[in-house]
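Heads up, the thing below is written out as structure tokens.
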Amino acid sequence: MTDPRTVTGPGTDPHADADRLREAGPDPLLDIRDLRVSFPGKGWRARRVEVLKGVSLDIRPGETVGLVGESGSGKSTIGRAVLGLVPVAGGSIHFDGERVDVASRRRRRRLSRDIQVVFQDPYTSLNPSLLIGDTLAEPLLAHGVTAEDARTRVADLLDRVALPHDAVHRLPREFSGGQRQRVAIARALAISPRLIVCDEPVSALDLTTQRTVMDLLLEIQERTGVAYLFVSHDLSVVRALSHRVAVIHRGEIVEYGGAEQVTTDPEHPYTQRLLLSAPVADPGRQRRRRAEYERRFHADAN
Amino acid sequence: MSTSVTPSTPSTPSTPGTAVTSPTAPTGPKRRSGTARRFLTSPQALGASLVLAAVVVLVVFAPLFTAHDPNAADLKDAFGAPGGGHLLGFDSSGRDVWSRLLHGGRNTLGGALLAVAVALAVGVPTGLAAGYYGGWFDSVSNWWVNLVMALPAMVVLLATRAVLGTTVWVLMVVLGVLVAPGFYRLVRGTVAAMRGELYVDAARVFGLRDSRIIVRHVLVVVRAPVIIQGALVAGMAIGLQAGLEFLGIGSGDLPTWGAMLNEAFTNIQRAPVFMLWPGLALGLTSAALVLLAASLRDVLEDRGTAPATGRGARRLGADAPTTLDSAGERADLLSVRDLAVTYTLADGSSREVVHGVDLDVRRGEVLGLVGESGSGKTQTAFSVLGLLPEGGRVSRGSILLDGTEVVGSAEKEMRNLRGDTVAYVPQEPMSNLDPAFTIGDHLTEPLRVKLGLSRTQARARALDLLRQVEIPDPERTFRSHPHQISGGMAQRVLIAGAISCDPDLLVADEPTTALDVTVQAEVLGLLRRLQAERGMGVLLVTHNLGVVADLCDRVAVMRQGRIVEVGTTEQILRDPQEDYTRGLLDAVLDDTPAREPWQPREAAQ
Amino acid sequence: MTSFILRRLGSGLLLLVVISALAYLLLSLPGTDVGRHVLGPAAPQDAVDAHNAGLGLDRPVAVRYLDWLTSALQGDLGRSWFTSEDVSLALANRLPVTFSLMIGVTLVTAVVSFGLGVWAGVRRGAVDRAVQLVSVFGYALPGFLVTLIIVLVFAVRLGWFPAIGYTPFSRSPGGWLATVTLPVLSLSVAGIAGVAQQVRSSVIDVMGRDYVRTLRARGLPTSRVVFRHVLRNAATPGLTVLGMQFVGLLGGAVIVEQIFGLPGIGAMTVQYTTRGDIPVIMGVVMVSVIGVILINLLVDVLVGWLNPKARVA
């Protein structure tokens with residue numbers, strides 16, 4: 001167990017230190033309990049808008065939990081709360097047994113070693129005026145890696161996401177959406193985190209590119225044992241990537257379970273509606289699904 | 001956040017431009033030298049810098065260029081002509097004009113420099129702090145800025161002079177404070193806008209300190225606009241200071257350009273040429289500063305020259321249609337043959353993005369145009385409407401719309417076809433409604449202009465249309481502004497607008513891509529129903545093969561500006577002939593199995 | 001809307017009070033010996049003291065300010081320390097001159113700059129480049145230099161207009177027009193350049209918006225789209241710049257009134273402020289700030305009317 005990136009299962013390594021042991025136990029890596037987030041309302045003395053109304057989730061080491069919902073459901077807010085980007089109004093977030101939603105800024109900075117992020121929009125999540133090399137070195141330098149070491153690490157990272165080495169001297173605008181998303185993934189991997197919050201990382205990509213980026217995410221997980229909180233509006237993407245799936249609707253989790261069960265035989269009517277809403281690329285099957293959708297949902301909509 | 005789920009189509013006008021230019025973008029390491037080179041090759045930038053440099057050198061090393069004391073007056077030389085080592089002659093008190101000009105510039109330029117320095121020192125840090133942290137500091141400083149901006153600078157300067165004495169430096173410090181809000185607002189606005197940028201969030205997640213984020217990410221963005229504003233403020237400070245001196249409220253006996261102009265003005269009848277030299281010095285310096293700012297803006301903010309537009313481009317757009325005889329039978333509703341679309345790039349070169357496309361839509365038929373981003377499918381759709389974004393034109397081919405040739409036809413002819421022969425449903429519902437007008441205005445305007453309906457008739461018809469697109473409360477929606485309705489509602493309104501004049505062909509560009517999946521299902525159902533009821537032909541541009549399966553009779557697959565495969569929906573989705581189409585279908589996740597349940601790591605191995 | 005206007009007027013009043021307090025305190029800092037100034041160096045000290053006491057200058061600054069504020073709120077701005085002129089009356093006499101300048105300049109600027117901006121933004125090409133070039137120079141040259149050039153050309157060389165002097169409108173409308181034409185022209189140049197630039201770039205921006213394409217796809221004539229939809233959406237930034245120009249205009253008026261010898265507030269400012277005549281300076285500052293507050297309010301109301309999203313509930 002010399003590679004710190006690799007997370008071990010329970011009790012595999014007798015020489016592991018105390019930290020490792022605790023994390024490897026039955027406790028989840030990330031444990032969200034009854035999370036509440038609210039934003040100030042628009043206008044003078046407006047009431048606060050509750051975005052998350054008590055959400056509970058847990059992620060085990062090396063696991064992917066998919067979070068599906070429509071716009072405004074609060075799915076991205078969960079990720080942002082885990083990252084410490086929005087203030088938490090209630091509940092708790094524990095990472096590796098330690099409460100982090102109340103962490104100080106200093107602690108938060110240290111925490112960034114363990115929790116990383118890949119955002120949806122590869123066009124705005126990279127600073128357009130920084131060279132790719134500088135972007136990738138940024139988290140390394142922030143964590144005290146020397147410039148020399150950072151250079152070799154950056155080259156290594158580019159290899160891992162299958163980008164050419166000369167990319168370090170280029171600007172984000174010289175890359176396609178898929179390539180930029182690879183850069184964003186490489187940046188998240190730079191300091192070997194144990195959890196990556198993926199906020200719609202493939203939504204802005206073409207179908208074929210989407211597929212290759214998903215494969216890349218899977219391959220990285222297999223190799224490093226990183227856990228993903230995978231946020232998406234697309235049930236089929238979540239289904240292919242996640243061990244477990246949570247469906248969120250208006251700030252509440254309406255269904256939470258194994259990927260197979262939630263995405264093929266959901267219990268909650270909202271999940272069923274989500275499932276039937278997305279058209280499939282098979283004319284015959286789509287005709288039947290549509291008929292069922294009309295029968296079940298359209299009638300009562302009018 | 002499904003609003004930006006739109007991979008495929010460059011629907012906003014800026015996107016095709018960037019998509020077109022990106023391959024020609026300079027590669028990596030040359031970036032900095034590229035900026036410098038662009039700056040140096042711009043005649044405007046070079047000229048302005050040279051003038052400015054000349055003025056600065058002359059003024060700073062004034063004693064080297066003139067041997068005369070600027071204040072040595074000899075009345076017998078008054079109004080004396082140039083000559084005898086006196087380059088520009090004498091003023092009304094017999095002082096050497098050339099020498100006064102050079103020495104005068106010292107005060108003028110030095111004062112301007114001081115004002116800019118003070119304004120930067122006050123405005124930039126406060127703007128950074130207010131923009132980045134927001135909160136109470138932001139509120140307090142905004143209030144102060146509004147206060148300072150309500151003060152008329154000239155009156156304050158005059159009052160300052162009365163109170164604090166005549167020293168020009170004090171006045172310039174006060175001026176600096178008075179113009180600091182300009183920098184403050186600029187910096188604060190830029191920083192506040194980028195605080196929401198994902199890359200700043202990302203930097204926080206990476207554990208960067210705020211100071212580091214500001215230095216690395218924020219200052220870089222703020223730099224260019226601040227430099228530009230600095231040049232503008234310097235020009236303004238020079239003008240204001242000269243103005244004060246012109247009023248006789250300057251720095252006493254010191255020679256200044258403003259004081260020289262004042263002296264010239266009092267002698268305007270006797271020797272109008274006196275105004276020439278100080279006027280020229282002042283005008284050249286300020287003009288050079290403003291021109292420099294303008295070219296800096298072009299270079300630093302990375303805007304090249306605008307794409308060729310205006311008459312030239314329009315004429316180019318009117319190429320005669322070319323039809324190939326071999327093109328076979330053409331459909332009655334829409335028939336496109338050998339269509340090529342070309343964009344004129346910023347540097348004057350052109351690039352073809354659609355290379356000879358053939359398409360047919362029969363009456364009552366739904367044709368899906370499928371492809372990935374950059375495949376040219378949206379460009380093809382815009383060509384049919386005659387609404388290519390700026391810089392784009394149909395460079396070859398023929399488009400028959402209900403028997404009328406569209407390529408090369410006058411805008412007026414094309415306009416007559418739009419609305420009742422061909423109509424358009426866009427991708428992003430919100431950005432396609434004019435925020436200044438109500439939904440009712442949007443619907444009634446074409447009805448009144450195209451169909452000549454009266455106000456009441458149009459209103460009744462519009463309400464009926466809203467009912468047809470299944471909007472629950474038509475009256476209220478009619479009165480609403482776009483920002484008061486949801487995205488799904490907005491898309492229904494746009495569909496209502498498209499069908500309002502009974503078109504034969506509907507061009508729908510990714511009509512459901514920006515919508516949530518449950519809303520998408522509703523809108524797809526609506527489109528299907530309207531199409532069947534009205535027997536419309538539809539050209540449906542999409543990247544989503546599920547949408548194709550749901551709506552289309554036939555499909556054309558597009559790749560890199562060419563059609564690679566055409567067929568019925570069944571054929572294309574069940575038995576594609578081309579590798580590319582097969583690749584697209586393979587990428588569809590419909591039948592991908594769900595992931596296996598999680599197991600502790602070593603158990604999985 | 002009414003409540004919005006009332007709220008803005010309220011905050012404007014607060015701003016006015018704060019500015020007046022600051023201005024009064026700062027102006028009183030150096031403590032000019034007014035009595036000595038008026039009575040001359042030879043006057044006996046007790047006469048000087050008596051004069052100062054007569055002006056109330058022996059009392060603390062705060063008391064003097066409150067005194068000033070109380071009467072100012074009743075419309076009495078006091079008397080000049082040096083000429084004993086009634087400040088409110090003097091301002092009232094001079095206001096129409098400056099006011100007619102401002103109105104003229106604002107109208108000319110708005111019409112010309114919106115016209116040029118829309119023309120350049122819609123036509124692009126050579127028209128655009130010409131308008132941009134002209135406006136860069138209009139913006140670059142210091143205002144008073146432009147004024148001097150205009151005087152030199154139209155008054156001194158061509159003799160079309162008087163170089164100096166003012167005829168009230170009530171005496172002769174034609175004469176009034178002749179005397180204000182050059183001042184208005186001089187003051188408009190910079191504003192036209194700035195606003196036209198802004199209108200041009202917003203027109204170009206709006207012309208590229210999705211909804212413009214959609215409106216054209218409905219079969220509406222381009223001219224209708226431009227004048228009904230593009231202009232309305234592009235007007236907001238132009239109006240904002242126009243409002244900000246107004247503050248600069250007050251400064252420009254100082255110089256222009258001086259050059260053309262117009263008996264306006266600007267000229268008055270120069271005469272009195274240099275001596276430190278606090279009641280007069282305060283009067284001028286108050287009038288200017290009220291002007292700025294009202295103009296900003298007007299711009300906000302116009303913007304809200306044009307752009308429903310910006311409307312304050």
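Residues are referred to by chain and number: the chain letter is A, B, ... according to the order shown in the structure tokens, the number counts from 1 in that chain, and ligands are numbered separately from 1 in the order shown.
Any residue of chain B with an atom no more than 6 Å from chain C counts as a contact; using only C-alpha atoms, that gives B:Pro13, B:Ala150, B:Pro152, B:Met154, B:Ala159, B:Ala162, B:Gly239, B:Gly283, B:Ser286, B:Ala287, B:Val290, B:Thr309, B:Gly310, B:Arg415, B:Arg418, B:Gly419, B:Ser431, B:Asn432, B:Leu433, B:Asp434, B:Ala436.
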Store the residues picked out above in a file with N, CA and C atoms, as a CSV table (one decimal), in the first residue's frame.
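Saved as selection.csv:
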chain,number,residue,atom,x,y,z
B,13,PRO,N,-25.4,33.6,-31.9
B,13,PRO,CA,-24.7,34.2,-33.0
B,13,PRO,C,-23.2,34.2,-32.8
B,150,ALA,N,-22.3,61.9,-7.6
B,150,ALA,CA,-23.3,63.0,-7.7
B,150,ALA,C,-22.7,64.4,-7.6
B,152,PRO,N,-20.5,67.4,-8.8
B,152,PRO,CA,-20.0,67.9,-10.1
B,152,PRO,C,-18.5,68.3,-9.9
B,154,MET,N,-16.1,69.8,-11.5
B,154,MET,CA,-15.6,71.2,-11.7
B,154,MET,C,-15.9,72.0,-10.5
B,159,ALA,N,-14.0,74.7,-5.6
B,159,ALA,CA,-14.1,74.9,-4.1
B,159,ALA,C,-12.9,74.5,-3.4
B,162,ALA,N,-10.4,77.1,-3.6
B,162,ALA,CA,-10.6,78.2,-2.7
B,162,ALA,C,-10.2,77.9,-1.3
B,239,GLY,N,-7.4,67.2,-19.9
B,239,GLY,CA,-8.4,68.2,-20.4
B,239,GLY,C,-8.9,69.0,-19.2
B,283,GLY,N,-4.5,68.7,-27.8
B,283,GLY,CA,-5.3,67.8,-28.7
B,283,GLY,C,-4.6,66.5,-29.0
B,286,SER,N,-4.2,64.2,-25.8
B,286,SER,CA,-5.4,63.5,-25.4
B,286,SER,C,-5.9,62.6,-26.5
B,287,ALA,N,-5.8,63.0,-27.8
B,287,ALA,CA,-6.3,62.1,-28.8
B,287,ALA,C,-5.4,60.8,-28.8
B,290,VAL,N,-6.6,58.5,-26.0
B,290,VAL,CA,-7.9,57.8,-26.3
B,290,VAL,C,-7.7,56.8,-27.4
B,309,THR,N,-18.8,42.9,-43.2
B,309,THR,CA,-20.2,43.0,-43.2
B,309,THR,C,-20.6,44.2,-44.1
B,310,GLY,N,-21.8,44.7,-43.8
B,310,GLY,CA,-22.3,45.8,-44.6
B,310,GLY,C,-22.5,45.4,-46.1
B,415,ARG,N,-38.7,37.8,-46.7
B,415,ARG,CA,-39.6,38.1,-45.6
B,415,ARG,C,-41.0,37.7,-45.8
B,418,ARG,N,-41.3,34.1,-44.8
B,418,ARG,CA,-41.2,33.8,-43.4
B,418,ARG,C,-42.5,34.1,-42.7
B,419,GLY,N,-42.8,33.2,-41.7
B,419,GLY,CA,-44.1,33.4,-41.0
B,419,GLY,C,-45.2,32.5,-41.5
B,431,SER,N,-34.0,33.2,-24.3
B,431,SER,CA,-33.3,34.2,-25.0
B,431,SER,C,-34.0,34.5,-26.3
B,432,ASN,N,-35.1,33.8,-26.7
B,432,ASN,CA,-35.7,34.1,-28.0
B,432,ASN,C,-37.0,34.9,-27.8
B,433,LEU,N,-37.2,35.4,-26.6
B,433,LEU,CA,-38.4,36.3,-26.4
B,433,LEU,C,-37.8,37.7,-26.0
B,434,ASP,N,-38.3,38.7,-26.7
B,434,ASP,CA,-37.8,40.1,-26.4
B,434,ASP,C,-38.3,40.4,-25.0
B,436,ALA,N,-38.5,43.1,-23.4
B,436,ALA,CA,-39.2,44.3,-23.2
B,436,ALA,C,-40.7,44.3,-23.6
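Excluding region 74-82 of chain C itself and same-chain residues fewer than 2 positions from it, the residues having an atom within 8 Å of it are Val34, Val38, Leu55, Trp68, Thr70, Ser71, Ala72, Ser84, Glu85, Asp86, Val87, Ser88, Asp277, Ile278, Pro279, Val280 and Gly283 of chain C, counting only C-alpha atoms.
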Atoms to include: C-alpha atoms. Write the selected residues as a PDB file, in the first residue's frame.
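Result written to again.pdb:
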ATOM      1  CA  VAL C  34     -13.884  87.162   5.884  1.00  0.00           C
ATOM      2  CA  VAL C  38     -13.848  92.590   3.095  1.00  0.00           C
ATOM      3  CA  LEU C  55     -22.001  87.029   9.655  1.00  0.00           C
ATOM      4  CA  TRP C  68     -27.671  77.163   7.327  1.00  0.00           C
ATOM      5  CA  THR C  70     -32.617  75.095   8.708  1.00  0.00           C
ATOM      6  CA  SER C  71     -32.959  78.119   6.497  1.00  0.00           C
ATOM      7  CA  ALA C  72     -31.911  76.177   3.390  1.00  0.00           C
ATOM      8  CA  SER C  84     -24.389  90.529   0.396  1.00  0.00           C
ATOM      9  CA  GLU C  85     -26.295  89.267  -2.620  1.00  0.00           C
ATOM     10  CA  ASP C  86     -29.217  86.960  -1.812  1.00  0.00           C
ATOM     11  CA  VAL C  87     -27.964  83.535  -2.895  1.00  0.00           C
ATOM     12  CA  SER C  88     -31.394  82.021  -3.641  1.00  0.00           C
ATOM     13  CA  ASP C 277     -17.740  82.522  -0.349  1.00  0.00           C
ATOM     14  CA  ILE C 278     -19.310  79.627   1.512  1.00  0.00           C
ATOM     15  CA  PRO C 279     -23.016  80.543   1.159  1.00  0.00           C
ATOM     16  CA  VAL C 280     -22.679  80.900  -2.611  1.00  0.00           C
ATOM     17  CA  GLY C 283     -25.916  77.138  -3.094  1.00  0.00           C
TER      18      GLY C 283
END
- [ ] Using only C-alpha atoms, determine which residues lie at most 9 Å from Gln181 (chain A), disregarding the query and same-chain residues fewer than 6 positions distant; provide the list as a PyMOL selection string.
- [x] chain A and resi 118-123+125+201-202+205+213
For the residues in the current selection, export C-alpha atoms as a PDB file, in the first residue's frame.
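This went into out_14.pdb:
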ATOM      1  CA  VAL A 118     -15.486  18.597 -11.884  1.00  0.00           C
ATOM      2  CA  PHE A 119     -18.035  21.155 -13.021  1.00  0.00           C
ATOM      3  CA  GLN A 120     -20.557  20.927 -15.793  1.00  0.00           C
ATOM      4  CA  ASP A 121     -19.461  23.614 -18.129  1.00  0.00           C
ATOM      5  CA  PRO A 122     -15.961  22.984 -19.464  1.00  0.00           C
ATOM      6  CA  TYR A 123     -16.067  26.462 -21.011  1.00  0.00           C
ATOM      7  CA  SER A 125     -14.704  26.097 -15.266  1.00  0.00           C
ATOM      8  CA  PRO A 201     -19.631  16.673 -16.070  1.00  0.00           C
ATOM      9  CA  VAL A 202     -20.855  15.242 -19.376  1.00  0.00           C
ATOM     10  CA  LEU A 205     -20.760  17.255 -24.433  1.00  0.00           C
ATOM     11  CA  VAL A 213     -15.457  10.953 -20.796  1.00  0.00           C
TER      12      VAL A 213
END
TODO: as a PyMOL selection string, list the residues of region 131-331 of chain B assigned to alpha helix (DSSP H) by DSSP on the backbone atoms of this structure.
DONE: chain B and resi 131-133+135-149+153-164+168-195+198-205+210-213+219-246+257-266+276-300+310-317
Task: Computed interatomic separation between CA of Gly90 (chain A) and CA of Arg36 (chain A) (Å) - done: 4.7 Å
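Shell of region 291-297 of chain A at 10 Å, with only C-alpha atoms counted and residues fewer than 4 places along the chain excluded, is A:Pro269, A:Gln272, A:Arg273, A:Leu275, A:Leu276, A:Ser277, A:Arg285, A:Gln286, A:Arg287, A:Ala301, A:Asn302, B:Thr518, B:Ala521, B:Glu522, B:Gly525.
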- [ ] List the neighbours of region 580-594 of chain B out to 7 Å using only C-alpha atoms; skip same-chain residues closer than 5 positions along the sequence, and give me the result as a PyMOL selection string.
- [x] chain A and resi 207-208+211+236-237+239-240+259-260+280
Output the selection as a compact mmCIF listing (two decimals), in the first residue's frame - C-alpha atoms for each residue.
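And here's out.txt as it stands now:
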# COMPACT_ATOMS: atom_id res chain seq x y z
CA LEU A 207 -22.97 11.97 -27.32
CA THR A 208 -19.81 10.25 -28.49
CA ARG A 211 -19.28 8.30 -23.76
CA SER A 236 -29.29 7.04 -18.43
CA VAL A 237 -25.91 8.61 -17.69
CA ARG A 239 -27.52 4.62 -14.42
CA ALA A 240 -24.42 3.63 -16.35
CA ALA A 259 -28.95 1.75 -9.78
CA GLU A 260 -30.71 -1.24 -11.35
CA VAL A 280 -35.41 6.20 -26.54
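Distances from B:Thr41, B:Gln269, B:Ser99, B:Asn544 to chain A were compared using only C-alpha atoms, and the smallest one belongs to B:Asn544.
In this structure, CA of Val238 (chain A) sits 11.1 Å away from CA of Ser203 (chain A).
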Task: For Ala155 (chain A), the nearest of the candidates A:Ala186, A:Leu130, A:Ala142, A:Ile32, counting only C-alpha atoms - done: A:Ala186
Open item on the list: Need to verify the contact set: region 78-89 of chain A, 8 Å, only C-alpha atoms, exclusion of same-chain residues closer than 4 positions in sequence. Can you return it as a list in words?
Closed with: Leu35, Arg36, Val37, Ser38, Leu52, Gly74, Ile93, Asp101, Arg108, Ile115, Gln116, Val117, Val197, Cys198, Asp199, Leu229 and Val231 of chain A; Asp201 and Val205 of chain B
Kindly save the residues from that selection, with C-alpha atoms included, as a PDB file, in the first residue's frame.
ATOM      1  CA  LEU A  35     -29.031  18.716   5.011  1.00  0.00           C
ATOM      2  CA  ARG A  36     -30.892  22.000   4.704  1.00  0.00           C
ATOM      3  CA  VAL A  37     -29.852  24.933   2.531  1.00  0.00           C
ATOM      4  CA  SER A  38     -31.763  28.126   1.924  1.00  0.00           C
ATOM      5  CA  LEU A  52     -32.792  21.605   0.252  1.00  0.00           C
ATOM      6  CA  GLY A  74     -31.437  21.368  -5.643  1.00  0.00           C
ATOM      7  CA  ILE A  93     -21.989  16.676   6.531  1.00  0.00           C
ATOM      8  CA  ASP A 101     -19.982  21.574   7.175  1.00  0.00           C
ATOM      9  CA  ARG A 108     -11.476  23.628   4.452  1.00  0.00           C
ATOM     10  CA  ILE A 115     -12.554  16.445  -1.892  1.00  0.00           C
ATOM     11  CA  GLN A 116     -12.369  17.713  -5.441  1.00  0.00           C
ATOM     12  CA  VAL A 117     -14.756  18.829  -8.154  1.00  0.00           C
ATOM     13  CA  VAL A 197     -18.065  15.878  -6.815  1.00  0.00           C
ATOM     14  CA  CYS A 198     -19.006  15.625 -10.483  1.00  0.00           C
ATOM     15  CA  ASP A 199     -21.577  18.293 -11.272  1.00  0.00           C
ATOM     16  CA  LEU A 229     -20.910  12.101  -6.095  1.00  0.00           C
ATOM     17  CA  VAL A 231     -24.899  14.916 -10.219  1.00  0.00           C
TER      18      VAL A 231
ATOM     19  CA  ASP B 201     -15.285  28.188  -7.398  1.00  0.00           C
ATOM     20  CA  VAL B 205     -12.181  23.987  -3.921  1.00  0.00           C
TER      21      VAL B 205
END
Open item on the list: As an exercise, work out the distance from CA of Val97 (chain B) to CA of Leu158 (chain C) in Å and give it to one decimal place.
Closed with: 27.2 Å
- [ ] Would you please extract all strand (DSSP E or B) residues from region 151-247 of chain A, as assigned by DSSP on the backbone, and give them as a PyMOL selection string?
- [x] chain A and resi 195-199+227-232+244-247
Just write the chosen residues, C-alpha atoms, as a short mmCIF file (atom, residue, chain, number, x, y, z; two decimals), in the first residue's frame.
data_model
loop_
_atom_site.label_atom_id
_atom_site.label_comp_id
_atom_site.auth_asym_id
_atom_site.auth_seq_id
_atom_site.Cartn_x
_atom_site.Cartn_y
_atom_site.Cartn_z
CA LEU A 195 -14.02 12.03 -3.33
CA ILE A 196 -14.82 13.96 -6.50
CA VAL A 197 -18.07 15.88 -6.82
CA CYS A 198 -19.01 15.62 -10.48
CA ASP A 199 -21.58 18.29 -11.27
CA ALA A 227 -15.54 7.93 -4.82
CA TYR A 228 -17.88 10.06 -6.96
CA LEU A 229 -20.91 12.10 -6.09
CA PHE A 230 -22.29 12.23 -9.61
CA VAL A 231 -24.90 14.92 -10.22
CA SER A 232 -26.87 14.82 -13.46
CA ARG A 244 -26.57 3.74 -6.17
CA VAL A 245 -28.97 6.42 -7.41
CA ALA A 246 -30.83 9.13 -5.51
CA VAL A 247 -33.69 10.96 -7.19
#
